[in-house]
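J.: Input structure: final00.cif, which contains mmCIF, C-alpha atoms and all ligand atoms.
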```cif
data_target
#
loop_
_atom_site.label_atom_id
_atom_site.label_comp_id
_atom_site.auth_asym_id
_atom_site.auth_seq_id
_atom_site.Cartn_x
_atom_site.Cartn_y
_atom_site.Cartn_z
CA MET A 901 14.58 0.84 -8.28
CA SER A 902 18.24 1.09 -9.16
CA VAL A 903 19.27 3.84 -11.56
CA SER A 904 19.76 1.39 -14.44
CA GLN A 905 16.33 -0.16 -13.88
CA GLN A 906 14.85 3.30 -13.68
CA PHE A 907 16.12 4.12 -17.14
CA SER A 908 14.77 0.88 -18.60
CA ALA A 909 11.40 1.90 -17.14
CA VAL A 910 11.28 5.24 -18.96
CA GLU A 911 9.09 3.81 -21.70
CA GLU A 912 6.65 2.32 -19.18
CA PHE A 913 6.20 5.62 -17.33
CA SER A 914 5.86 7.49 -20.63
CA GLN A 915 3.14 5.07 -21.78
CA ARG A 916 1.21 5.69 -18.54
CA ARG A 917 1.26 9.43 -19.21
CA GLN A 918 0.02 8.86 -22.77
CA GLN A 919 -2.74 6.62 -21.48
CA LEU A 920 -3.88 9.18 -18.92
CA MET A 921 -3.88 11.91 -21.57
CA ALA A 922 -6.04 9.69 -23.79
CA HIS A 923 -8.53 9.36 -20.91
CA MET A 924 -8.49 13.13 -20.33
CA VAL A 925 -9.30 13.77 -24.03
CA GLU A 926 -8.82 17.55 -23.69
CA GLY A 927 -7.60 19.61 -20.76
CA ILE A 928 -4.71 20.06 -18.37
CA ALA A 929 -3.65 17.85 -15.46
CA VAL A 930 -1.60 19.18 -12.55
CA ILE A 931 -0.09 16.46 -10.35
CA PRO A 932 2.31 17.60 -7.62
CA THR A 933 4.48 15.19 -5.67
CA ALA A 934 4.39 15.03 -1.85
CA PRO A 935 6.00 17.76 0.26
CA GLU A 936 8.92 17.07 2.57
CA VAL A 937 7.68 16.82 6.16
CA ILE A 938 9.45 18.07 9.28
CA ARG A 939 9.68 15.43 12.03
CA ASN A 940 11.00 17.72 14.71
CA ARG A 941 12.89 21.01 14.69
CA ASP A 942 15.07 20.75 11.55
CA SER A 943 14.89 16.98 11.02
CA HIS A 944 12.69 15.59 8.28
CA TYR A 945 10.82 12.32 8.01
CA PRO A 946 12.44 10.11 5.35
CA TYR A 947 11.10 11.51 2.09
CA ARG A 948 8.38 9.55 0.26
CA PHE A 949 7.11 10.78 -3.11
CA ASP A 950 3.41 10.94 -3.90
CA SER A 951 2.19 7.66 -5.38
CA TYR A 952 0.15 9.26 -8.20
CA PHE A 953 3.04 11.48 -9.23
CA TYR A 954 5.51 8.60 -9.08
CA TYR A 955 3.20 6.30 -11.04
CA LEU A 956 3.31 8.76 -13.94
CA THR A 957 6.94 9.85 -13.75
CA GLY A 958 9.25 7.45 -11.90
CA PHE A 959 10.77 10.67 -10.53
CA LYS A 960 11.58 10.61 -6.82
CA GLU A 961 12.72 14.13 -6.01
CA PRO A 962 10.61 16.43 -3.81
CA GLU A 963 9.45 19.84 -5.08
CA SER A 964 8.32 18.39 -8.40
CA VAL A 965 5.12 18.79 -10.38
CA LEU A 966 3.87 16.95 -13.45
CA VAL A 967 1.70 18.86 -15.93
CA LEU A 968 -0.01 17.08 -18.79
CA ILE A 969 -1.77 18.82 -21.65
CA ALA A 970 -4.19 16.60 -23.52
CA GLY A 971 -5.81 17.60 -26.80
CA ALA A 972 -4.68 18.64 -30.25
CA SER A 973 -1.15 19.57 -29.11
CA PRO A 974 -0.39 17.12 -26.27
CA LYS A 975 2.57 17.84 -24.05
CA THR A 976 4.19 16.40 -20.91
CA ILE A 977 5.97 18.86 -18.64
CA LEU A 978 7.99 18.40 -15.45
CA PHE A 979 8.77 21.13 -12.96
CA CYS A 980 11.61 20.20 -10.63
CA ARG A 981 14.43 21.58 -8.49
CA ASP A 982 17.30 23.29 -10.24
CA LYS A 983 20.71 21.73 -10.37
CA ASP A 984 22.55 23.22 -7.40
CA LEU A 985 26.12 22.06 -6.83
CA GLU A 986 26.30 23.82 -3.47
CA ARG A 987 23.13 22.10 -2.14
CA GLU A 988 24.23 18.78 -3.64
CA ILE A 989 27.31 18.84 -1.43
CA TRP A 990 24.93 18.77 1.55
CA ASP A 991 21.88 16.84 0.38
CA GLY A 992 23.01 14.74 -2.57
CA PHE A 993 22.34 14.52 -6.29
CA ARG A 994 19.48 16.30 -7.99
CA TYR A 995 18.74 16.05 -11.71
CA GLY A 996 17.80 19.60 -12.62
CA PRO A 997 15.27 20.26 -15.41
CA ALA A 998 17.51 19.55 -18.42
CA ALA A 999 18.73 16.13 -17.26
CA ALA A 1000 15.30 15.19 -15.90
CA GLN A 1001 13.68 16.01 -19.23
CA ALA A 1002 16.20 13.93 -21.16
CA GLU A 1003 16.41 10.96 -18.83
CA PHE A 1004 12.75 10.61 -17.84
CA GLY A 1005 11.34 11.41 -21.28
CA PHE A 1006 9.29 14.59 -20.76
CA ASP A 1007 8.55 16.95 -23.65
CA GLU A 1008 9.59 19.95 -21.55
CA ALA A 1009 11.01 20.60 -18.07
CA TYR A 1010 11.30 23.80 -16.09
CA SER A 1011 12.62 24.99 -12.77
CA ILE A 1012 10.13 24.68 -9.93
CA HIS A 1013 10.82 28.39 -9.35
CA SER A 1014 9.10 29.23 -12.63
CA LEU A 1015 6.01 27.20 -11.78
CA ASN A 1016 3.67 30.08 -10.96
CA GLU A 1017 4.47 32.01 -14.09
CA VAL A 1018 4.52 29.08 -16.55
CA LEU A 1019 1.55 27.22 -15.04
CA LEU A 1020 -0.61 30.34 -15.20
CA THR A 1021 -0.03 30.47 -18.95
CA LEU A 1022 -0.63 26.73 -19.36
CA LEU A 1023 -3.92 26.86 -17.44
CA SER A 1024 -5.32 29.65 -19.58
CA ASN A 1025 -8.20 28.65 -21.85
CA GLN A 1026 -8.01 24.93 -21.08
CA PRO A 1027 -11.51 23.41 -21.00
CA ARG A 1028 -10.88 21.19 -17.95
CA LEU A 1029 -8.45 21.04 -15.06
CA TYR A 1030 -7.66 17.54 -13.77
CA TYR A 1031 -6.42 17.85 -10.22
CA SER A 1032 -6.82 16.16 -6.82
CA LEU A 1033 -8.76 18.95 -5.11
CA GLY A 1034 -8.72 18.54 -1.32
CA ALA A 1035 -5.60 16.38 -1.13
CA ASP A 1036 -3.27 19.23 -0.11
CA ALA A 1037 -4.56 22.55 1.27
CA VAL A 1038 -1.45 24.50 0.24
CA TRP A 1039 -1.71 23.28 -3.33
CA ASP A 1040 -5.46 23.96 -3.41
CA GLN A 1041 -4.78 27.57 -2.45
CA THR A 1042 -2.05 27.98 -5.04
CA LEU A 1043 -4.18 26.63 -7.85
CA LEU A 1044 -7.38 28.40 -6.85
CA GLY A 1045 -5.33 31.62 -6.68
CA MET A 1046 -4.19 31.05 -10.25
CA LEU A 1047 -7.73 30.36 -11.43
CA ASN A 1048 -8.90 33.61 -9.83
CA GLN A 1049 -6.03 35.46 -11.44
CA LEU A 1050 -7.07 34.13 -14.85
CA ARG A 1051 -10.70 34.98 -14.15
CA SER A 1052 -9.67 38.59 -13.58
CA GLN A 1053 -7.94 38.65 -16.97
CA GLY A 1054 -11.03 37.94 -19.02
CA ARG A 1055 -10.68 41.13 -21.01
CA ALA A 1056 -7.25 39.93 -22.11
CA GLY A 1057 -8.94 36.84 -23.52
CA LYS A 1058 -7.86 34.53 -20.68
CA GLN A 1059 -10.28 32.06 -19.12
CA PRO A 1060 -9.72 29.58 -16.31
CA PRO A 1061 -10.76 25.96 -16.98
CA GLN A 1062 -14.55 25.68 -16.78
CA ALA A 1063 -14.49 22.41 -14.84
CA ILE A 1064 -12.27 20.82 -12.24
CA MET A 1065 -12.22 17.02 -12.41
CA ASP A 1066 -10.61 14.64 -9.92
CA VAL A 1067 -7.57 13.29 -11.73
CA ARG A 1068 -7.32 10.46 -9.18
CA GLN A 1069 -10.41 8.77 -10.60
CA LEU A 1070 -8.73 8.37 -13.97
CA ILE A 1071 -5.40 7.23 -12.53
CA ASP A 1072 -7.01 4.82 -10.04
CA ARG A 1073 -8.55 2.87 -12.92
CA MET A 1074 -5.08 2.49 -14.38
CA ARG A 1075 -3.31 1.75 -11.10
CA VAL A 1076 -5.63 -1.07 -10.06
CA ILE A 1077 -4.46 -3.23 -12.99
CA LYS A 1078 -0.76 -3.86 -12.61
CA SER A 1079 1.54 -4.14 -15.63
CA ALA A 1080 4.09 -6.95 -16.02
CA TYR A 1081 6.72 -4.45 -14.92
CA GLU A 1082 4.84 -3.65 -11.71
CA LEU A 1083 4.10 -7.31 -10.98
CA ASN A 1084 7.76 -8.09 -11.28
CA THR A 1085 8.57 -5.47 -8.64
CA MET A 1086 5.73 -6.65 -6.41
CA ARG A 1087 6.95 -10.25 -6.57
CA ARG A 1088 10.39 -9.08 -5.42
CA SER A 1089 8.87 -6.99 -2.62
CA ALA A 1090 6.79 -10.00 -1.54
CA GLN A 1091 9.80 -12.30 -1.58
CA ILE A 1092 11.81 -10.01 0.68
CA ALA A 1093 8.93 -9.76 3.16
CA ALA A 1094 8.37 -13.54 3.06
CA ASN A 1095 12.06 -14.08 3.84
CA ALA A 1096 11.73 -11.70 6.78
CA HIS A 1097 8.76 -13.64 8.21
CA ASN A 1098 10.62 -16.93 7.88
CA ARG A 1099 13.65 -15.41 9.57
CA ALA A 1100 11.44 -14.19 12.44
CA MET A 1101 10.18 -17.75 12.99
CA GLN A 1102 13.79 -18.85 13.27
CA VAL A 1103 14.93 -16.18 15.70
CA ALA A 1104 11.93 -15.70 18.03
CA ARG A 1105 12.43 -18.01 20.98
CA GLY A 1106 11.29 -16.03 24.01
CA LYS A 1107 13.64 -14.05 26.27
CA GLN A 1108 13.32 -11.29 23.67
CA TRP A 1109 11.20 -8.19 23.26
CA GLU A 1110 8.81 -7.47 20.47
CA TYR A 1111 11.06 -4.66 19.21
CA GLU A 1112 13.94 -7.09 18.79
CA ILE A 1113 11.83 -9.06 16.35
CA GLU A 1114 10.84 -5.83 14.61
CA ALA A 1115 14.56 -5.12 14.24
CA GLU A 1116 14.99 -8.47 12.47
CA PHE A 1117 12.43 -7.34 9.89
CA LEU A 1118 14.18 -4.06 9.27
CA HIS A 1119 17.44 -5.99 8.94
CA THR A 1120 16.03 -8.27 6.23
CA PHE A 1121 14.21 -5.45 4.42
CA TYR A 1122 17.27 -3.24 4.11
CA GLN A 1123 19.66 -6.10 3.53
CA HIS A 1124 17.70 -7.08 0.42
CA GLY A 1125 17.39 -3.59 -1.02
CA ALA A 1126 13.93 -2.55 0.16
CA GLN A 1127 13.95 1.18 0.86
CA SER A 1128 11.57 1.11 3.82
CA PRO A 1129 8.91 -0.84 5.66
CA ALA A 1130 5.65 -0.38 3.72
CA TYR A 1131 3.86 0.58 6.97
CA THR A 1132 4.61 0.47 10.67
CA SER A 1133 5.25 -3.16 11.55
CA ILE A 1134 2.88 -4.82 14.02
CA VAL A 1135 4.78 -7.21 16.31
CA ALA A 1136 2.14 -8.29 18.79
CA SER A 1137 2.66 -11.06 21.31
CA GLY A 1138 -0.07 -12.69 23.39
CA ALA A 1139 -3.04 -10.44 24.14
CA ASN A 1140 -1.49 -7.58 22.16
CA ALA A 1141 -2.51 -9.41 18.99
CA CYS A 1142 -6.15 -8.66 19.84
CA THR A 1143 -5.42 -4.95 19.27
CA LEU A 1144 -5.72 -4.72 15.50
CA HIS A 1145 -3.35 -1.78 14.97
CA TYR A 1146 -1.00 -2.52 17.89
CA ASN A 1147 2.42 -1.10 17.09
CA ALA A 1148 3.97 -0.21 20.43
CA ASN A 1149 6.08 -3.36 19.90
CA ASN A 1150 7.55 -2.97 23.38
CA ALA A 1151 6.42 -6.03 25.36
CA PRO A 1152 8.54 -9.01 26.37
CA LEU A 1153 7.80 -12.29 24.58
CA THR A 1154 6.28 -14.92 26.84
CA GLN A 1155 6.64 -18.68 26.39
CA GLY A 1156 3.29 -20.22 25.54
CA ASP A 1157 2.00 -17.10 23.75
CA LEU A 1158 1.51 -16.59 20.06
CA LEU A 1159 3.32 -13.86 18.15
CA LEU A 1160 1.37 -12.07 15.40
CA ILE A 1161 3.53 -10.11 12.98
CA ASP A 1162 2.03 -7.91 10.25
CA ALA A 1163 4.99 -6.51 8.34
CA GLY A 1164 5.90 -5.80 4.73
CA CYS A 1165 8.44 -3.75 2.87
CA GLU A 1166 8.42 -1.10 0.18
CA LEU A 1167 10.61 -1.91 -2.80
CA ASP A 1168 10.93 0.66 -5.58
CA GLY A 1169 7.64 2.15 -4.41
CA TYR A 1170 5.68 -1.11 -4.16
CA ALA A 1171 4.35 -2.54 -0.90
CA SER A 1172 4.18 -6.09 0.33
CA ASP A 1173 1.85 -6.84 3.23
CA ILE A 1174 2.17 -10.15 5.07
CA THR A 1175 0.87 -11.38 8.41
CA ARG A 1176 2.01 -14.58 10.04
CA THR A 1177 1.20 -15.85 13.54
CA PHE A 1178 3.29 -18.49 15.27
CA PRO A 1179 3.92 -19.90 18.77
CA ILE A 1180 6.86 -18.31 20.57
CA ASN A 1181 7.94 -21.68 21.99
CA GLY A 1182 7.76 -23.35 18.57
CA LYS A 1183 4.70 -25.53 19.22
CA PHE A 1184 1.02 -24.55 18.96
CA SER A 1185 -1.09 -25.45 22.02
CA PRO A 1186 -4.30 -27.38 21.19
CA ALA A 1187 -6.44 -24.23 21.57
CA GLN A 1188 -4.03 -22.13 19.50
CA LYS A 1189 -3.93 -24.82 16.84
CA ASP A 1190 -7.74 -25.00 16.67
CA ILE A 1191 -8.09 -21.29 16.00
CA TYR A 1192 -5.03 -21.18 13.73
CA GLU A 1193 -6.34 -23.95 11.51
CA LEU A 1194 -9.75 -22.32 11.42
CA VAL A 1195 -8.27 -19.02 10.21
CA LEU A 1196 -6.08 -20.89 7.74
CA ALA A 1197 -9.09 -22.77 6.34
CA ALA A 1198 -10.89 -19.43 5.98
CA GLN A 1199 -7.89 -17.94 4.21
CA LEU A 1200 -7.57 -20.86 1.79
CA ALA A 1201 -11.29 -20.62 1.00
CA ALA A 1202 -10.89 -16.91 0.32
CA ILE A 1203 -7.85 -17.51 -1.91
CA GLU A 1204 -9.85 -20.03 -3.92
CA HIS A 1205 -12.41 -17.31 -4.59
CA ALA A 1206 -9.80 -14.82 -5.82
CA THR A 1207 -10.40 -15.46 -9.52
CA PRO A 1208 -12.06 -13.57 -12.40
CA ALA A 1209 -15.15 -15.74 -11.90
CA HIS A 1210 -15.83 -13.78 -8.71
CA HIS A 1211 -16.44 -10.23 -7.54
CA TRP A 1212 -14.41 -8.29 -5.00
CA ASN A 1213 -16.43 -9.43 -2.00
CA ALA A 1214 -16.45 -13.16 -2.80
CA PRO A 1215 -13.18 -13.94 -0.96
CA HIS A 1216 -14.51 -12.11 2.13
CA GLU A 1217 -17.81 -13.98 1.97
CA ALA A 1218 -16.00 -17.33 1.60
CA ALA A 1219 -13.73 -16.62 4.58
CA LEU A 1220 -16.60 -15.42 6.70
CA LYS A 1221 -18.62 -18.56 6.06
CA VAL A 1222 -15.75 -20.77 7.25
CA LEU A 1223 -15.09 -18.57 10.29
CA VAL A 1224 -18.73 -18.42 11.35
CA ASP A 1225 -19.08 -22.21 11.16
CA GLY A 1226 -15.90 -22.51 13.23
CA PHE A 1227 -16.98 -19.93 15.80
CA ILE A 1228 -20.15 -21.94 16.37
CA HIS A 1229 -18.23 -25.22 16.46
CA TYR A 1230 -15.83 -23.91 19.12
CA GLY A 1231 -18.52 -22.27 21.25
CA LEU A 1232 -17.48 -18.70 20.50
CA CYS A 1233 -20.86 -17.97 18.90
CA THR A 1234 -24.18 -19.68 19.44
CA GLY A 1235 -27.13 -20.19 17.12
CA SER A 1236 -27.36 -21.04 13.45
CA PRO A 1237 -24.79 -19.77 10.92
CA GLU A 1238 -27.53 -17.68 9.32
CA ALA A 1239 -28.40 -16.05 12.65
CA VAL A 1240 -24.74 -15.36 13.50
CA MET A 1241 -24.33 -13.74 10.08
CA GLU A 1242 -27.50 -11.75 10.33
CA THR A 1243 -26.92 -10.39 13.82
CA GLY A 1244 -23.24 -9.79 13.13
CA ALA A 1245 -22.35 -11.65 16.35
CA TYR A 1246 -19.19 -12.92 14.61
CA ARG A 1247 -17.83 -9.35 14.72
CA GLN A 1248 -16.83 -9.89 18.35
CA PHE A 1249 -14.06 -12.11 16.97
CA TYR A 1250 -13.66 -10.99 13.33
CA MET A 1251 -14.25 -7.29 12.90
CA HIS A 1252 -12.32 -6.38 9.76
CA ARG A 1253 -12.62 -7.18 6.11
CA THR A 1254 -10.62 -9.84 4.30
CA GLY A 1255 -8.40 -7.69 2.11
CA HIS A 1256 -7.63 -4.58 0.09
CA TRP A 1257 -5.93 -3.62 -3.15
CA LEU A 1258 -2.16 -3.54 -2.87
CA GLY A 1259 0.41 -1.62 -4.91
CA LEU A 1260 2.24 1.68 -4.53
CA ASP A 1261 0.12 2.25 -1.42
CA VAL A 1262 -0.44 -0.56 1.04
CA HIS A 1263 -4.17 0.20 0.89
CA ASP A 1264 -3.89 0.87 -2.80
CA ALA A 1265 -5.90 2.95 -5.22
CA GLY A 1266 -8.92 1.42 -6.93
CA GLU A 1267 -12.68 1.22 -6.61
CA TYR A 1268 -14.35 -1.67 -4.81
CA LYS A 1269 -17.82 -0.99 -6.22
CA THR A 1270 -19.00 0.08 -9.65
CA SER A 1271 -20.94 3.31 -10.15
CA GLU A 1272 -24.08 1.11 -10.18
CA GLY A 1273 -23.24 -0.04 -6.66
CA ASP A 1274 -22.16 -3.59 -7.53
CA TRP A 1275 -18.91 -5.14 -6.31
CA VAL A 1276 -16.27 -4.89 -9.04
CA MET A 1277 -15.38 -8.15 -10.71
CA LEU A 1278 -11.91 -9.50 -10.04
CA THR A 1279 -9.77 -9.00 -13.13
CA PRO A 1280 -6.34 -10.30 -14.18
CA GLY A 1281 -3.58 -7.91 -13.09
CA GLN A 1282 -5.25 -6.82 -9.86
CA VAL A 1283 -3.25 -7.41 -6.68
CA LEU A 1284 -5.00 -7.80 -3.34
CA THR A 1285 -4.37 -9.10 0.14
CA VAL A 1286 -6.26 -12.02 1.68
CA GLU A 1287 -6.18 -11.64 5.44
CA PRO A 1288 -8.83 -13.20 7.65
CA GLY A 1289 -8.26 -13.36 11.39
CA CYS A 1290 -9.74 -14.19 14.76
CA TYR A 1291 -9.24 -12.14 17.91
CA VAL A 1292 -10.57 -13.46 21.21
CA ARG A 1293 -10.68 -10.95 24.04
CA PRO A 1294 -11.57 -12.32 27.49
CA ALA A 1295 -15.32 -12.09 28.04
CA GLU A 1296 -18.12 -13.88 29.78
CA HIS A 1297 -19.44 -16.85 27.79
CA VAL A 1298 -16.22 -17.07 25.78
CA PRO A 1299 -14.38 -20.36 26.41
CA GLU A 1300 -11.43 -19.44 28.60
CA HIS A 1301 -8.87 -21.58 26.79
CA PHE A 1302 -9.25 -19.27 23.77
CA TRP A 1303 -8.78 -16.02 25.70
CA ASN A 1304 -6.16 -13.63 24.33
CA ILE A 1305 -5.56 -15.64 21.19
CA GLY A 1306 -5.19 -13.27 18.24
CA ILE A 1307 -4.45 -14.74 14.83
CA ARG A 1308 -4.30 -13.26 11.35
CA ILE A 1309 -2.89 -14.88 8.22
CA GLU A 1310 -2.26 -12.52 5.32
CA ASP A 1311 -0.96 -13.17 1.81
CA ASP A 1312 -0.68 -11.03 -1.31
CA VAL A 1313 -2.23 -12.45 -4.46
CA VAL A 1314 -2.30 -11.55 -8.15
CA ILE A 1315 -5.50 -12.21 -10.09
CA THR A 1316 -4.74 -14.25 -13.22
CA ASP A 1317 -6.96 -15.97 -15.80
CA GLY A 1318 -7.19 -19.02 -13.52
CA ALA A 1319 -6.23 -19.63 -9.89
CA CYS A 1320 -4.59 -16.57 -8.35
CA GLU A 1321 -0.84 -16.36 -7.88
CA VAL A 1322 0.11 -16.14 -4.20
CA ILE A 1323 3.24 -14.01 -4.41
CA THR A 1324 3.94 -14.34 -0.67
CA ALA A 1325 3.73 -18.14 -0.72
CA ALA A 1326 7.35 -18.49 0.43
CA ALA A 1327 6.36 -17.39 3.96
CA LYS A 1328 5.67 -20.60 5.90
CA LYS A 1329 2.01 -20.97 6.76
CA SER A 1330 0.79 -24.43 7.75
CA VAL A 1331 1.17 -25.64 11.34
CA VAL A 1332 3.54 -28.38 10.19
CA GLU A 1333 5.69 -25.98 8.14
CA ILE A 1334 5.90 -23.40 10.91
CA GLU A 1335 6.74 -25.90 13.63
CA ALA A 1336 9.37 -27.52 11.40
CA LEU A 1337 10.98 -24.17 10.53
CA MET A 1338 11.03 -23.20 14.19
CA GLN A 1339 13.08 -26.31 14.95
CA THR A 1340 15.86 -24.79 12.88
CA SER A 1341 17.79 -21.70 13.77
CA LEU A 1342 19.91 -19.34 11.72
N1 LIG B 1401 -0.80 -3.99 7.23
C1 LIG B 1401 -1.96 -3.27 6.91
C2 LIG B 1401 -3.06 -4.16 6.53
O1 LIG B 1401 -2.94 -5.36 6.66
O2 LIG B 1401 -4.06 -3.71 6.05
MN MN B 1402 -3.33 -5.86 4.62
MN MN B 1403 -1.06 -6.36 6.89
#
```
Just give me the structure as structure tokens.
Ligand code: GLY
Ligand code: MN
Ligand code: MN
T.:
Amino acid sequence: MSVSQQFSAVEEFSQRRQQLMAHMVEGIAVIPTAPEVIRNRDSHYPYRFDSYFYYLTGFKEPESVLVLIAGASPKTILFCRDKDLEREIWDGFRYGPAAAQAEFGFDEAYSIHSLNEVLLTLLSNQPRLYYSLGADAVWDQTLLGMLNQLRSQGRAGKQPPQAIMDVRQLIDRMRVIKSAYELNTMRRSAQIAANAHNRAMQVARGKQWEYEIEAEFLHTFYQHGAQSPAYTSIVASGANACTLHYNANNAPLTQGDLLLIDAGCELDGYASDITRTFPINGKFSPAQKDIYELVLAAQLAAIEHATPAHHWNAPHEAALKVLVDGFIHYGLCTGSPEAVMETGAYRQFYMHRTGHWLGLDVHDAGEYKTSEGDWVMLTPGQVLTVEPGCYVRPAEHVPEHFWNIGIRIEDDVVITDGACEVITAAAKKSVVEIEALMQTSL
């Protein structure tokens, strides 16, 4: 998010805080951002804020904590780094509490150095503490230490909160339904990633290495303003595509092989997540085309089931039905569709599920089942991936012409009142489209 967009978003972030406080009814929430992490010696990994903290603040600096007080006298409080002109010469701009309070719309802001003292007072005599216990051991210790300190001050009339609730449960319910503002960002993230996949189809021609294609993705991501890949890109040629989380990306491309690329970017905090699979020489072989069109048919069936008339698992069930019929048709599985389903024999070739929520995290927050154990119904504003695949490792009784074919096709979709919106639709997907695009070069 650019600085000007960030300021226009102040109202949106403020509304999210108000909404969370309404859900809390009465109590205090403590939501720290992520720590900086050392990569080696004195070098850090690129900093990434905590998604829950960011969702409620829009604030990207490390060493920050959001405190919300819900009840008769509601209050939003940010703790953050002090302004420090000396450090800013080395590390860059930091807001400092006064500017952060004014520009991000908090009721109060304090130096992170006063956290222990101020938070101890704020925690006193609150009925409930909303906190993500277990997410960060250092934070758990700090907070539990404060609760014990309060417990020892009973004679001074101080009590720790009587209950600790998981604040993530409340925020997850909010995060799973995206606002218009979030959807706008997600569409832009999806467009950048789709452009990158199309570009890869135009540049991959063999005589290259997987990492060179990965570099093309990074080029497109950064060139269009994405801050980072959303996850480690998978650039898997030939048999490597049958390793689901392959990310060595260090093999030479071979003519006649397929190239599976699972890559998306993070734009202003929001992930895109696209997989495309295409032939390195620009033309699918008959066996590759058979499996590709099977996976594509499964994906289109799943997409059709991504509507509010269906529950979470319906797209997976629709994809699986198409795949199982195809596996039998092509001699990968034997027996009736019912038997292949029941025994789970299809898992030799399709061993993952068909999607996940998508948002600030690539595998985003949100329940998949209700507390009664039913699949949640799909609801307008949810964003999910649809990503069936087929992975054929060499094995006895498996037709040899399919060996080492690994195919996944993954799009990101928004649930609407009617048919879902495929926000990654710009990435070429049909055999005809891919082969035509591969005839062109940049
Ligand atoms: N790229 C991660 C996933 O598809 O789930
Ligand atoms: Mn995915
Ligand atoms: Mn993916």
J.: Between atom CA of A:Ala1148 and atom CA of A:Ile1113, what distance in Å does the model show, to one decimal?
T.: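 Atom CA of A:Ala1148 sits 12.5 Å away from atom CA of A:Ile1113.
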J.: Taking 4 positions as the minimum chain separation for residues in the same chain, which residues sit within 8 Å of A:Ile1064 when counting only C-alpha atoms? Answer as a PyMOL selection string.
T.: chain A and resi 1028-1031
J.: Show which residues sit within 9 Å of A:Ala1104, as an MDAnalysis selection string. Count all atoms listed in the file, and ignore same-chain residues fewer than 6 positions away.
T.: chainID A and resid 1112:1113 1153 1159 1180:1182 1338
J.: I need the residue nearest A:Arg1088 from this list: A:Leu1167, A:Leu1194, A:Ala1214, A:Met1046. Use all atoms listed in the file for the distance.
T.: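 Closest to A:Arg1088 of all the choices is A:Leu1167.
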J.: Env of A:Gln1026: 8 Å cut, atoms = all atoms listed in the file, seq-sep filter 3 positions within chain, self excluded. Answer as a list in words.
T.: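 Within the cut-off, the hits are Glu926, Gly927, Ile928, Leu1022, Leu1023, Leu1029, Gln1059, Pro1060, Pro1061 and Gln1062 of chain A.
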J.: Neighbouring residues of ligand LIG 1401 (chain B) are defined here as those with any atom at most 8 Å from a ligand atom, counting only C-alpha atoms and all ligand atoms; list them as a list in words.
T.: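 Those residues are Tyr1131, Thr1132, Ser1133, Ile1134, Asp1162, Ala1163, Gly1164, Asp1173, Ile1174, Thr1175, Gly1255, His1256, Val1262, His1263, Thr1285, Glu1287 and Glu1310 of chain A.
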J.: Closest to ligand MN 1403 (chain B) among A:Val1298, A:Lys1221, A:Leu1144, A:Thr1154, using all atoms listed in the file?
T.: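 Closest residue, counting all atoms listed in the file: A:Leu1144.
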J.: With distances taken over only C-alpha atoms, which of A:Leu978, A:Thr1177, A:Val1283, A:Ser1271 is nearest to A:Ile1309?
T.: A:Thr1177
J.: Which residues come within 9 Å of A:Ile1071, counting all atoms listed in the file, excluding same-chain residues fewer than 2 positions away, as a ChimeraX atom specification?
T.: /A:920,952,955-956,1067-1069,1073-1076,1265-1266
J.: Could you jot down the atom CA of A:Thr1120 to atom CA of A:Gly1281 separation for me, Å, one decimal place?
T.: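 Between these atoms lies a distance of 27.5 Å.
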J.: Name the residues within 6 Å of (14.5, 19.0, -4.1), counting all atoms listed in the file in the file's coordinates, and put them as a VMD selection string.
T.: chain A and resid 961 to 963 981
J.: Given the choices A:Met1251, A:Val1135, A:Ala1319, A:Leu1232, which gets closest to ligand MN 1403 (chain B) if the distance is worked out from all atoms listed in the file?
T.: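 Looking at the shortest contact to ligand MN 1403 (chain B), the residue is A:Val1135.
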J.: At a cut-off of 12 Å from (-16.8, -23.2, 13.7) in the coordinates of the file, what residues are picked up using all atoms listed in the file, written as a ChimeraX atom specification?
T.: /A:1190-1195,1197-1198,1219-1237,1240,1246,1249,1290
J.: Can you measure atom CA of A:Pro1215 to atom CA of A:Phe1117 for me? One decimal in Å is fine.
T.: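 Answer for the atom CA of A:Pro1215 to atom CA of A:Phe1117 separation: 28.6 Å.
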J.: Which is closer to ligand MN 1403 (chain B) than all the others in A:Leu1258, A:Leu1118, A:Leu1158, A:Leu1196, using all atoms listed in the file?
T.: A:Leu1258
J.: List as a VMD selection string the protein and nucleic acid residues near A:Lys1078, meaning an atom at most 12 Å away when all atoms listed in the file are counted, but skip any in the same chain fewer than 2 places from it.
T.: chain A and resid 912 916 955 1072 to 1076 1080 to 1087 1170 1257 to 1260 1264 to 1266 1279 to 1284 1313 to 1316
J.: Counting all atoms listed in the file, which residue out of A:Asp1274, A:Glu1333, A:Asp1311, A:Glu1321 sits closest to ligand MN 1402 (chain B)?
T.: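 Under the stated criterion, the closest residue is A:Asp1311.
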